[in-house]
$ cat coords_35.cif   # mmCIF, C-alpha atoms
data_coords
#
loop_
_atom_site.label_atom_id
_atom_site.label_comp_id
_atom_site.auth_asym_id
_atom_site.auth_seq_id
_atom_site.Cartn_x
_atom_site.Cartn_y
_atom_site.Cartn_z
CA MET A 1 86.41 93.85 101.28
CA ASN A 2 89.17 91.98 103.12
CA THR A 3 90.15 94.52 105.80
CA THR A 4 93.16 92.58 107.06
CA ALA A 5 94.63 92.51 103.58
CA LEU A 6 93.85 96.20 103.06
CA LYS A 7 95.55 97.16 106.31
CA ASP A 8 98.57 95.08 105.37
CA LEU A 9 98.90 97.04 102.12
CA LEU A 10 98.43 100.38 103.87
CA TYR A 11 101.11 99.57 106.45
CA ARG A 12 103.53 98.69 103.67
CA LEU A 13 102.84 101.97 101.87
CA ALA A 14 102.90 104.13 104.99
CA ASP A 15 105.99 102.58 106.58
CA ASP A 16 108.01 102.93 103.36
CA GLN A 17 107.13 106.64 103.20
CA LEU A 18 107.86 107.28 106.86
CA ILE A 19 111.23 105.57 106.93
CA LEU A 20 112.55 106.90 103.63
CA GLY A 21 111.26 110.33 104.67
CA HIS A 22 113.45 110.16 107.75
CA ARG A 23 116.44 108.90 105.80
CA ASN A 24 116.05 111.75 103.29
CA SER A 25 115.92 114.25 106.14
CA GLU A 26 119.39 113.12 107.18
CA TRP A 27 120.73 115.03 104.17
CA ASN A 28 119.57 118.25 105.81
CA GLY A 29 122.69 120.41 106.01
CA LEU A 30 124.88 117.82 104.29
CA GLY A 31 123.82 118.01 100.63
CA PRO A 32 126.67 118.24 98.09
CA ILE A 33 125.20 121.56 96.94
CA LEU A 34 122.60 123.79 98.57
CA GLU A 35 119.86 122.85 96.09
CA GLU A 36 120.34 119.16 96.88
CA ASP A 37 120.23 119.84 100.58
CA ILE A 38 116.87 121.55 99.99
CA ALA A 39 115.63 118.89 97.57
CA PHE A 40 116.21 115.94 99.91
CA SER A 41 114.74 117.89 102.82
CA SER A 42 111.66 118.76 100.75
CA MET A 43 111.20 115.17 99.64
CA ALA A 44 111.53 114.15 103.28
CA GLN A 45 108.75 116.56 104.20
CA ASP A 46 106.56 115.33 101.35
CA LYS A 47 107.05 111.71 102.34
CA LEU A 48 106.23 112.36 105.99
CA GLY A 49 103.06 114.08 104.79
CA HIS A 50 102.27 111.05 102.64
CA SER A 51 102.80 108.68 105.54
CA LEU A 52 100.44 110.80 107.65
CA GLN A 53 97.70 110.51 105.01
CA LEU A 54 98.16 106.74 104.92
CA TYR A 55 98.32 106.28 108.70
CA THR A 56 95.13 108.35 108.87
CA LEU A 57 93.45 105.84 106.55
CA LEU A 58 94.59 103.10 108.92
CA HIS A 59 93.28 105.05 111.89
CA ASN A 60 89.90 105.32 110.16
CA LEU A 61 89.98 101.53 109.85
CA GLY A 62 90.38 101.17 113.62
CA GLU A 63 94.15 101.30 114.07
CA ALA A 64 95.78 103.63 116.64
CA GLU A 65 96.46 107.36 116.11
CA PRO A 66 99.06 108.16 113.40
CA ASP A 67 101.68 109.39 115.90
CA THR A 68 101.23 106.32 118.07
CA VAL A 69 101.54 104.01 115.08
CA ALA A 70 104.58 105.86 113.75
CA PHE A 71 106.48 106.25 117.02
CA THR A 72 105.66 103.38 119.34
CA ARG A 73 106.28 100.28 117.26
CA ASN A 74 109.54 98.38 117.14
CA ALA A 75 111.35 97.09 114.07
CA PRO A 76 109.61 93.68 113.79
CA GLN A 77 106.26 95.53 113.60
CA PHE A 78 107.33 97.58 110.58
CA HIS A 79 106.42 96.53 107.03
CA CYS A 80 108.80 98.75 105.10
CA THR A 81 111.29 97.30 102.64
CA GLN A 82 114.86 96.96 103.75
CA LEU A 83 115.72 99.33 100.89
CA VAL A 84 114.34 102.38 102.71
CA GLU A 85 115.96 101.68 106.08
CA LEU A 86 119.56 101.45 104.84
CA PRO A 87 121.77 104.37 105.99
CA ILE A 88 122.11 107.27 103.54
CA GLY A 89 125.64 106.24 102.56
CA ASP A 90 127.26 108.55 100.03
CA TYR A 91 125.34 110.80 97.66
CA ALA A 92 125.54 108.23 94.85
CA PHE A 93 123.79 105.63 97.00
CA SER A 94 121.10 108.03 98.19
CA LEU A 95 120.49 109.26 94.64
CA VAL A 96 120.21 105.76 93.19
CA ARG A 97 117.92 104.60 96.01
CA HIS A 98 115.75 107.66 95.45
CA PHE A 99 115.66 106.98 91.70
CA LEU A 100 114.73 103.29 92.04
CA TYR A 101 112.26 103.91 94.86
CA ASP A 102 110.43 106.94 93.51
CA HIS A 103 109.86 105.43 90.06
CA ALA A 104 108.19 102.49 91.81
CA GLU A 105 106.29 104.79 94.14
CA LEU A 106 104.88 107.03 91.42
CA LEU A 107 103.73 104.01 89.39
CA ARG A 108 102.30 102.36 92.50
CA PHE A 109 100.15 105.36 93.33
CA GLN A 110 99.15 105.76 89.70
CA LEU A 111 97.83 102.18 89.81
CA LEU A 112 96.12 102.94 93.12
CA THR A 113 94.19 105.89 91.68
CA THR A 114 91.67 103.32 90.43
CA SER A 115 91.62 101.31 93.66
CA SER A 116 88.25 99.88 94.67
CA TYR A 117 88.93 101.33 98.13
CA GLU A 118 87.91 104.91 97.39
CA PRO A 119 89.68 106.61 100.36
CA LEU A 120 92.96 105.11 99.15
CA ALA A 121 92.23 106.11 95.54
CA GLN A 122 91.72 109.70 96.74
CA VAL A 123 95.02 109.74 98.60
CA ALA A 124 96.74 108.22 95.55
CA ARG A 125 95.35 110.90 93.24
CA LYS A 126 96.74 113.51 95.60
CA LEU A 127 100.16 111.92 96.07
CA LYS A 128 100.93 111.15 92.48
CA GLY A 129 101.00 114.86 91.57
CA GLU A 130 103.64 115.42 94.24
CA LEU A 131 105.65 112.30 93.39
CA LYS A 132 106.15 113.52 89.83
CA TYR A 133 108.55 116.11 91.19
CA HIS A 134 110.50 113.42 93.03
CA VAL A 135 110.89 111.40 89.85
CA LEU A 136 111.80 114.47 87.82
CA HIS A 137 114.47 115.30 90.37
CA ALA A 138 115.92 111.78 90.38
CA ASN A 139 115.92 111.57 86.58
CA THR A 140 117.65 114.93 86.21
CA TRP A 141 120.58 113.94 88.40
CA VAL A 142 120.88 110.35 87.22
CA LYS A 143 121.03 111.62 83.63
CA GLN A 144 123.47 114.44 84.38
CA LEU A 145 125.87 112.46 86.56
CA GLY A 146 125.38 109.22 84.62
CA THR A 147 126.80 110.90 81.51
CA SER A 148 129.52 112.97 83.15
CA THR A 149 132.93 111.99 84.47
CA GLU A 150 134.31 108.48 84.75
CA GLU A 151 134.37 108.80 88.53
CA ALA A 152 130.72 109.84 88.74
CA ILE A 153 129.62 107.06 86.41
CA GLU A 154 131.61 104.49 88.37
CA LYS A 155 130.16 105.64 91.67
CA LEU A 156 126.62 105.50 90.34
CA GLN A 157 127.16 102.09 88.74
CA THR A 158 128.50 100.70 92.02
CA ALA A 159 125.52 102.15 93.86
CA LEU A 160 123.13 100.70 91.27
CA ASN A 161 124.64 97.21 91.57
CA GLU A 162 124.46 97.33 95.36
CA THR A 163 121.00 98.83 95.60
CA LEU A 164 119.19 96.73 93.02
CA PRO A 165 118.68 93.58 95.15
CA PHE A 166 117.08 95.76 97.83
CA ALA A 167 114.99 97.67 95.28
CA LEU A 168 113.57 94.38 93.99
CA GLY A 169 112.40 93.81 97.56
CA LEU A 170 109.86 96.59 96.94
CA PHE A 171 107.79 94.07 95.01
CA GLU A 172 107.76 91.42 97.71
CA LYS A 173 104.33 89.83 98.00
CA THR A 174 102.73 89.08 101.31
CA GLU A 175 100.24 86.33 102.05
CA HIS A 176 97.51 88.89 101.28
CA GLU A 177 98.59 89.60 97.70
CA GLU A 178 95.81 87.56 96.11
CA ALA A 179 93.13 89.05 98.33
CA ILE A 180 94.30 92.57 97.47
CA MET A 181 94.06 91.83 93.77
CA ALA A 182 90.80 89.90 94.00
CA ASP A 183 89.15 92.83 95.80
CA GLY A 184 90.38 95.27 93.17
CA ILE A 185 92.34 97.24 95.77
CA PHE A 186 95.61 97.04 93.87
CA ALA A 187 96.73 95.63 90.51
CA GLY A 188 99.52 93.64 92.16
CA GLU A 189 103.27 93.60 92.59
CA ASP A 190 104.03 91.77 89.32
CA GLU A 191 102.24 94.41 87.26
CA LEU A 192 104.02 97.16 89.19
CA ARG A 193 107.43 95.55 88.80
CA ALA A 194 106.97 95.24 85.01
CA GLN A 195 106.00 98.91 84.71
CA TRP A 196 108.89 99.94 86.96
CA LEU A 197 111.44 98.03 84.93
CA GLU A 198 110.28 99.73 81.75
CA SER A 199 110.29 103.13 83.43
CA ILE A 200 113.80 102.98 84.93
CA SER A 201 115.24 101.33 81.80
CA LYS A 202 114.13 104.29 79.68
CA VAL A 203 116.08 106.71 81.85
CA LEU A 204 119.14 104.49 82.27
CA ALA A 205 119.29 104.07 78.49
CA GLN A 206 120.10 107.79 78.30
CA THR A 207 123.14 107.35 80.53
CA ASN A 208 126.38 105.35 80.55
CA LEU A 209 125.00 103.19 83.34
CA GLU A 210 124.10 99.58 82.82
CA LEU A 211 121.19 97.85 84.48
CA PRO A 212 122.39 94.41 85.64
CA ASP A 213 120.38 91.48 84.27
CA LEU A 214 117.58 91.16 86.79
CA ALA A 215 117.46 87.41 86.29
CA THR A 216 120.85 87.22 87.98
CA VAL A 217 119.92 89.42 90.94
CA ALA A 218 118.39 87.82 94.03
CA PRO A 219 115.85 90.22 95.59
CA VAL A 220 116.25 91.00 99.29
CA PHE A 221 112.93 90.06 100.84
CA GLY A 222 111.70 90.02 104.41
CA GLY A 223 110.89 93.65 105.14
CA ARG A 224 107.20 93.29 104.33
CA ASN A 225 106.97 90.60 107.01
CA GLY A 226 108.89 92.45 109.71
CA GLU A 227 112.38 91.12 109.03
CA HIS A 228 114.79 94.03 109.00
CA THR A 229 118.45 94.97 108.93
CA GLU A 230 120.24 96.11 112.06
CA HIS A 231 119.81 99.69 110.78
CA LEU A 232 116.07 100.04 111.40
CA GLN A 233 115.79 99.87 115.20
CA PRO A 234 118.39 102.62 115.88
CA LEU A 235 116.57 104.82 113.36
CA LEU A 236 113.23 104.18 115.09
CA ASP A 237 114.77 104.95 118.48
CA GLU A 238 116.06 108.25 117.18
CA MET A 239 112.80 109.16 115.44
CA ALA A 240 110.73 108.45 118.52
CA GLU A 241 113.08 109.92 121.11
CA VAL A 242 111.14 113.13 121.66
CA PHE A 243 107.70 111.54 121.33
CA ARG A 244 108.56 108.90 123.93
CA LEU A 245 109.72 111.51 126.46
CA ASP A 246 106.10 112.57 126.82
CA PRO A 247 103.58 110.91 124.50
CA THR A 248 100.79 113.14 125.83
CA ALA A 249 102.59 116.43 125.15
CA ASP A 250 100.64 119.03 123.20
CA TRP A 251 102.61 120.83 120.48
CA MET B 1 67.36 147.40 108.94
CA ASN B 2 65.79 144.53 110.80
CA GLN B 3 66.08 142.40 107.74
CA SER B 4 69.78 143.01 107.35
CA GLN B 5 70.34 142.24 111.03
CA GLN B 6 68.51 139.02 110.60
CA SER B 7 70.52 138.03 107.56
CA SER B 8 73.78 138.76 109.37
CA SER B 9 72.83 136.33 112.13
CA ALA B 10 72.27 133.65 109.52
CA PRO B 11 75.04 134.32 106.98
CA ASP B 12 74.90 132.89 103.50
CA LYS B 13 77.69 131.24 101.57
CA ALA B 14 78.73 134.38 99.67
CA THR B 15 79.06 136.37 102.89
CA ILE B 16 81.17 133.70 104.54
CA LEU B 17 83.44 133.47 101.49
CA GLU B 18 83.89 137.22 101.68
CA TRP B 19 84.91 136.99 105.35
CA LEU B 20 87.36 134.22 104.55
CA GLU B 21 89.16 136.39 102.01
CA VAL B 22 91.26 137.76 104.87
CA VAL B 23 92.72 134.30 105.52
CA THR B 24 95.99 134.13 103.62
CA ASP B 25 98.73 131.60 103.12
CA PRO B 26 101.11 132.25 106.05
CA GLU B 27 104.09 131.83 103.71
CA ILE B 28 102.59 133.99 100.95
CA PRO B 29 100.62 136.71 102.73
CA THR B 30 99.45 138.33 99.49
CA VAL B 31 97.23 135.42 98.45
CA SER B 32 93.97 134.38 100.09
CA LEU B 33 93.00 130.76 100.62
CA VAL B 34 89.89 131.35 98.55
CA ASP B 35 91.97 132.54 95.57
CA LEU B 36 94.46 129.71 96.10
CA GLY B 37 91.64 127.18 95.73
CA VAL B 38 92.32 125.75 99.19
CA ILE B 39 88.83 126.61 100.41
CA ARG B 40 86.68 124.42 98.23
CA ASP B 41 83.19 124.88 99.56
CA VAL B 42 81.09 126.53 102.20
CA ARG B 43 77.74 125.06 103.18
CA VAL B 44 75.16 126.56 105.48
CA ALA B 45 72.65 124.01 106.70
CA ASP B 46 68.99 124.87 107.38
CA ASP B 47 69.74 124.96 111.11
CA GLY B 48 72.59 127.46 110.53
CA TYR B 49 75.47 124.99 110.95
CA VAL B 50 78.38 126.12 108.78
CA THR B 51 80.72 123.64 107.11
CA VAL B 52 83.90 124.83 105.39
CA ARG B 53 85.67 122.27 103.22
CA MET B 54 89.40 122.76 102.59
CA THR B 55 91.93 120.76 100.64
CA PRO B 56 95.72 120.83 101.12
CA THR B 57 97.96 122.09 98.32
CA PHE B 58 100.75 119.66 99.25
CA SER B 59 100.04 116.87 101.71
CA GLY B 60 103.14 117.55 103.81
CA CYS B 61 102.45 121.30 104.02
CA PRO B 62 103.06 122.35 107.64
CA ALA B 63 100.99 125.53 107.13
CA MET B 64 97.72 123.64 106.70
CA ASP B 65 97.09 123.51 110.46
CA TYR B 66 97.58 127.28 110.75
CA MET B 67 95.26 127.89 107.82
CA GLN B 68 92.58 125.71 109.36
CA ARG B 69 92.88 127.53 112.69
CA ASP B 70 92.73 130.91 110.94
CA VAL B 71 89.53 129.90 109.19
CA GLU B 72 88.03 128.85 112.52
CA ARG B 73 89.12 132.11 114.14
CA VAL B 74 87.51 134.23 111.40
CA LEU B 75 84.24 132.32 111.71
CA ARG B 76 84.23 132.86 115.47
CA GLU B 77 85.05 136.56 115.08
CA HIS B 78 81.96 136.93 112.92
CA GLY B 79 79.82 135.32 115.57
CA VAL B 80 79.45 131.92 113.99
CA GLU B 81 79.28 129.50 116.88
CA ARG B 82 78.35 126.24 115.26
CA PHE B 83 80.71 125.23 112.51
CA GLY B 84 83.03 122.52 111.27
CA VAL B 85 86.15 122.91 109.14
CA GLU B 86 87.00 119.72 107.31
CA MET B 87 90.13 118.77 105.43
CA SER B 88 89.14 116.77 102.41
CA LEU B 89 91.02 114.88 99.70
CA GLU B 90 87.85 114.23 97.73
CA GLU B 91 89.39 116.17 94.88
CA ALA B 92 93.17 116.47 94.69
CA TRP B 93 94.17 120.14 94.72
CA SER B 94 95.07 121.47 91.30
CA SER B 95 97.12 124.59 90.62
CA ASN B 96 94.57 125.34 87.88
CA TRP B 97 92.25 126.37 90.71
CA VAL B 98 94.33 129.44 91.52
CA THR B 99 92.11 132.33 90.42
CA GLU B 100 93.18 135.25 88.23
CA ARG B 101 93.22 137.39 91.35
CA GLY B 102 95.34 134.71 93.05
CA ARG B 103 97.81 134.74 90.18
CA ALA B 104 98.16 138.49 90.42
CA ALA B 105 98.67 138.15 94.19
CA LEU B 106 101.44 135.59 93.66
CA LYS B 107 103.15 137.95 91.21
CA ALA B 108 102.86 140.74 93.76
CA HIS B 109 104.92 138.51 96.07
CA ARG B 110 107.43 138.04 93.20
CA LEU B 111 106.37 134.44 92.74
CA SER B 112 105.82 133.09 89.25
CA PRO B 113 102.25 131.72 89.05
CA PRO B 114 101.79 128.08 88.01
CA PRO B 115 101.09 127.72 84.28
CA MET B 116 97.62 126.38 83.39
CA HIS B 117 97.56 122.76 82.21
CA GLN B 118 95.10 120.31 80.70
CA GLY B 119 95.09 117.96 83.68
CA ILE B 120 98.38 116.36 82.71
CA VAL B 121 101.47 117.90 84.24
CA ASP B 122 104.30 116.84 81.94
CA LEU B 123 107.94 117.86 81.77
CA ASP B 124 107.27 120.86 79.52
CA ILE B 125 104.89 122.30 82.08
CA LEU B 126 107.17 121.56 85.02
CA GLU B 127 110.05 123.35 83.35
CA TYR B 128 108.06 126.33 82.13
CA ALA B 129 107.98 129.53 84.16
CA GLU B 130 107.56 133.21 83.50
CA CYS B 131 110.10 135.43 85.25
CA PRO B 132 108.17 137.50 87.82
CA ASN B 133 110.79 140.26 87.58
CA CYS B 134 111.04 140.94 83.84
CA GLY B 135 108.30 138.75 82.31
CA SER B 136 110.74 136.72 80.20
CA HIS B 137 109.96 133.11 79.27
CA ASN B 138 113.64 132.41 78.63
CA THR B 139 114.07 130.67 81.98
CA THR B 140 115.62 127.47 83.33
CA LEU B 141 114.35 125.15 86.05
CA ARG B 142 117.11 124.91 88.66
CA SER B 143 115.41 122.60 91.11
CA PRO B 144 111.86 121.32 91.51
CA PHE B 145 112.28 121.93 95.25
CA GLY B 146 112.44 125.37 96.86
CA PRO B 147 112.06 126.94 100.28
CA THR B 148 108.57 125.47 100.72
CA LEU B 149 106.97 122.35 99.22
CA CYS B 150 104.85 124.41 96.84
CA ARG B 151 107.76 126.29 95.26
CA ALA B 152 110.35 125.44 92.61
CA LEU B 153 113.60 127.29 91.87
CA HIS B 154 114.10 128.81 88.43
CA TYR B 155 116.62 131.12 86.82
CA CYS B 156 115.95 133.88 84.34
CA ASN B 157 118.43 133.87 81.47
CA ASP B 158 117.47 137.43 80.48
CA CYS B 159 117.53 139.44 83.71
CA ARG B 160 119.87 136.89 85.30
CA GLN B 161 118.08 136.51 88.56
CA GLY B 162 116.97 133.46 90.40
CA PHE B 163 113.27 133.31 91.20
CA GLU B 164 110.67 130.99 92.64
CA GLN B 165 107.56 129.59 91.07
CA PHE B 166 104.42 128.26 92.67
CA LYS B 167 104.57 124.71 91.33
CA PRO B 168 102.02 123.41 88.85
CA VAL B 169 100.25 120.31 90.20
#

$ encode --input "coords_35.cif" --output "structure tokens"
Amino acid sequence: MNTTALKDLLYRLADDQLILGHRNSEWNGLGPILEEDIAFSSMAQDKLGHSLQLYTLLHNLGEAEPDTVAFTRNAPQFHCTQLVELPIGDYAFSLVRHFLYDHAELLRFQLLTTSSYEPLAQVARKLKGELKYHVLHANTWVKQLGTSTEEAIEKLQTALNETLPFALGLFEKTEHEEAIMADGIFAGEDELRAQWLESISKVLAQTNLELPDLATVAPVFGGRNGEHTEHLQPLLDEMAEVFRLDPTADW
Amino acid sequence: MNQSQQSSSAPDKATILEWLEVVTDPEIPTVSLVDLGVIRDVRVADDGYVTVRMTPTFSGCPAMDYMQRDVERVLREHGVERFGVEMSLEEAWSSNWVTERGRAALKAHRLSPPPMHQGIVDLDILEYAECPNCGSHNTTLRSPFGPTLCRALHYCNDCRQGFEQFKPV
């Protein structure tokens, strides 16, 4: 098995979960209603737990401790998509990002349940049960708001148009894509993207929202190779503030 | 007498499981980790080394560390010196593993137990809950996320009270 390629995939998975987890946690205390405050905070907690499982796999492959990996790297060393690092914006943006991301995430881990790398397949089987609730949550609100008032529909449509190029960046291939597929570790980004498109289209078809023609949307790439927006480094600084005060502290 | 003393110095699996029944979920003190299906296996090696295998309900559950420490404490209190407690994802935790006694314990805490499923948790199962107050099935899922990762918020249309359910997974 190509370990370099495997680690590359694991970093992509783990970093996405960690960063979106932190973004979701920023809704703590700010949700439009109490249940949404709780929902985004719970998803944040889930995603941090997921990133811990994935960083632990990396640690078992010889990388540093999960906390060290999560809190001591700088932006160019992160392999998350730019989608997850964008600020939370308004609720419409956060909801649409959550919808587009979690559909992809659930399908990704479903595909990974049959990974030839058994430790990853085990984590995937665990995570996919939890991610179902994230997708259910996103679908519920996209359907409710996407069929409600003109203002709500307009806000969601604007968010969808703005978020889509970044969401397509989820399926960015790295130089290791072929090795990952050849080793049977993962079915590949093209397969995932096709399943994702079908999955989100089914939900959007039940709303007044329109999915822009993907052929006309240029994906925002770069994140998988360490190229990030100006929003990532300040987030990392904030996340790591306490850890960096005393990395040896015992909690 | 001598025999029983000897067997207590080298406990068997059933004895250890009995000891561990006092370890409960810190958020739901009525239910034991054994009945919750969190403790998956206990092995006693020929040389007396005890291995307890646990699996997390939800991977971000902050109570898992406490539960692990509680298990270690109980083993020590019973004089077990050589042991290991491992967290394993070999099998993903399923809410079907909650025992009948565990379901009753959840109800005692006014939590709706997770409905049994055939391995596939679909929308019907996610939305289904029995009101722990009046037993009605005429209930509505309010949010799949509650005060802890393992709980969802529901509303009973009959007795008109909100309640929580231990989520099916």

$ residues_around --input "coords_35.cif" --residues "A:Ala187" --least-positions-apart "4" --cutoff "9 Å" --atoms "only C-alpha atoms" --output "ChimeraX atom specification"
/A:108,111-112,115,180-182,191-192

$ atom_distance --input "coords_35.cif" --atom1 "atom CA of A:Leu83" --atom2 "atom CA of A:His134"
17.0 Å

$ atom_distance --input "coords_35.cif" --atom1 "atom CA of A:Leu20" --atom2 "atom CA of A:His228"
14.1 Å

$ closest_residue --input "coords_35.cif" --among "B:Asp47, B:Ala92, B:Ser32, B:Val98" --to "A:Lys126" --atoms "all atoms listed in the file"
B:Ala92

$ atom_distance --input "coords_35.cif" --atom1 "atom CA of A:Arg125" --atom2 "atom CA of B:Pro144"
19.6 Å

$ residues_around --input "coords_35.cif" --residues "A:Asp246" --least-positions-apart "6" --cutoff "12 Å" --atoms "only C-alpha atoms" --output "ChimeraX atom specification"
/A:68,71-72,240

$ write_last_selection --input "coords_35.cif" --atoms "C-alpha atoms" --output "JSON list (two decimals), keeping the file's coordinate frame"
[["chain", "number", "residue", "atom", "x", "y", "z"],
["A", 68, "THR", "CA", 101.23, 106.32, 118.07],
["A", 71, "PHE", "CA", 106.48, 106.25, 117.02],
["A", 72, "THR", "CA", 105.66, 103.38, 119.34],
["A", 240, "ALA", "CA", 110.73, 108.45, 118.52]]

$ resolve_selection --input "coords_35.cif" --expression "the PyMOL selection byres ((chain A) within 8 of (chain B))" --output "number ranges by chain"
A: 35, 38-39, 42, 45-50, 53, 122-123, 125-127, 129-130, 133, 136-137

$ decode --input "coords_35.cif" --residues "stretch 28-41 of chain B" --atoms "N, CA and C atoms" --output "compact mmCIF listing (two decimals), in the first residue's frame"
# COMPACT_ATOMS: atom_id res chain seq x y z
N ILE B 28 -26.35 9.75 31.89
CA ILE B 28 -27.60 9.01 32.10
C ILE B 28 -27.33 7.98 33.19
N PRO B 29 -27.33 8.43 34.45
CA PRO B 29 -26.85 7.56 35.53
C PRO B 29 -27.71 6.33 35.80
N THR B 30 -28.84 6.18 35.10
CA THR B 30 -29.65 4.98 35.32
C THR B 30 -29.20 3.79 34.48
N VAL B 31 -28.36 4.05 33.46
CA VAL B 31 -28.03 2.96 32.54
C VAL B 31 -26.55 2.58 32.65
N SER B 32 -26.30 1.26 32.74
CA SER B 32 -24.92 0.80 32.86
C SER B 32 -24.29 0.66 31.47
N LEU B 33 -22.97 0.73 31.46
CA LEU B 33 -22.26 0.63 30.18
C LEU B 33 -22.42 -0.76 29.56
N VAL B 34 -22.63 -1.75 30.43
CA VAL B 34 -22.85 -3.10 29.91
C VAL B 34 -24.18 -3.12 29.16
N ASP B 35 -25.23 -2.56 29.77
CA ASP B 35 -26.55 -2.57 29.13
C ASP B 35 -26.63 -1.62 27.93
N LEU B 36 -25.74 -0.64 27.90
CA LEU B 36 -25.71 0.30 26.77
C LEU B 36 -24.96 -0.31 25.57
N GLY B 37 -24.28 -1.42 25.81
CA GLY B 37 -23.53 -2.06 24.72
C GLY B 37 -22.19 -1.40 24.48
N VAL B 38 -21.76 -0.56 25.42
CA VAL B 38 -20.47 0.13 25.26
C VAL B 38 -19.32 -0.81 25.64
N ILE B 39 -19.57 -1.65 26.64
CA ILE B 39 -18.57 -2.67 26.98
C ILE B 39 -18.86 -3.88 26.11
N ARG B 40 -17.95 -4.16 25.22
CA ARG B 40 -18.19 -5.19 24.21
C ARG B 40 -17.70 -6.55 24.63
N ASP B 41 -16.59 -6.57 25.37
CA ASP B 41 -16.01 -7.88 25.65
C ASP B 41 -15.07 -7.78 26.85
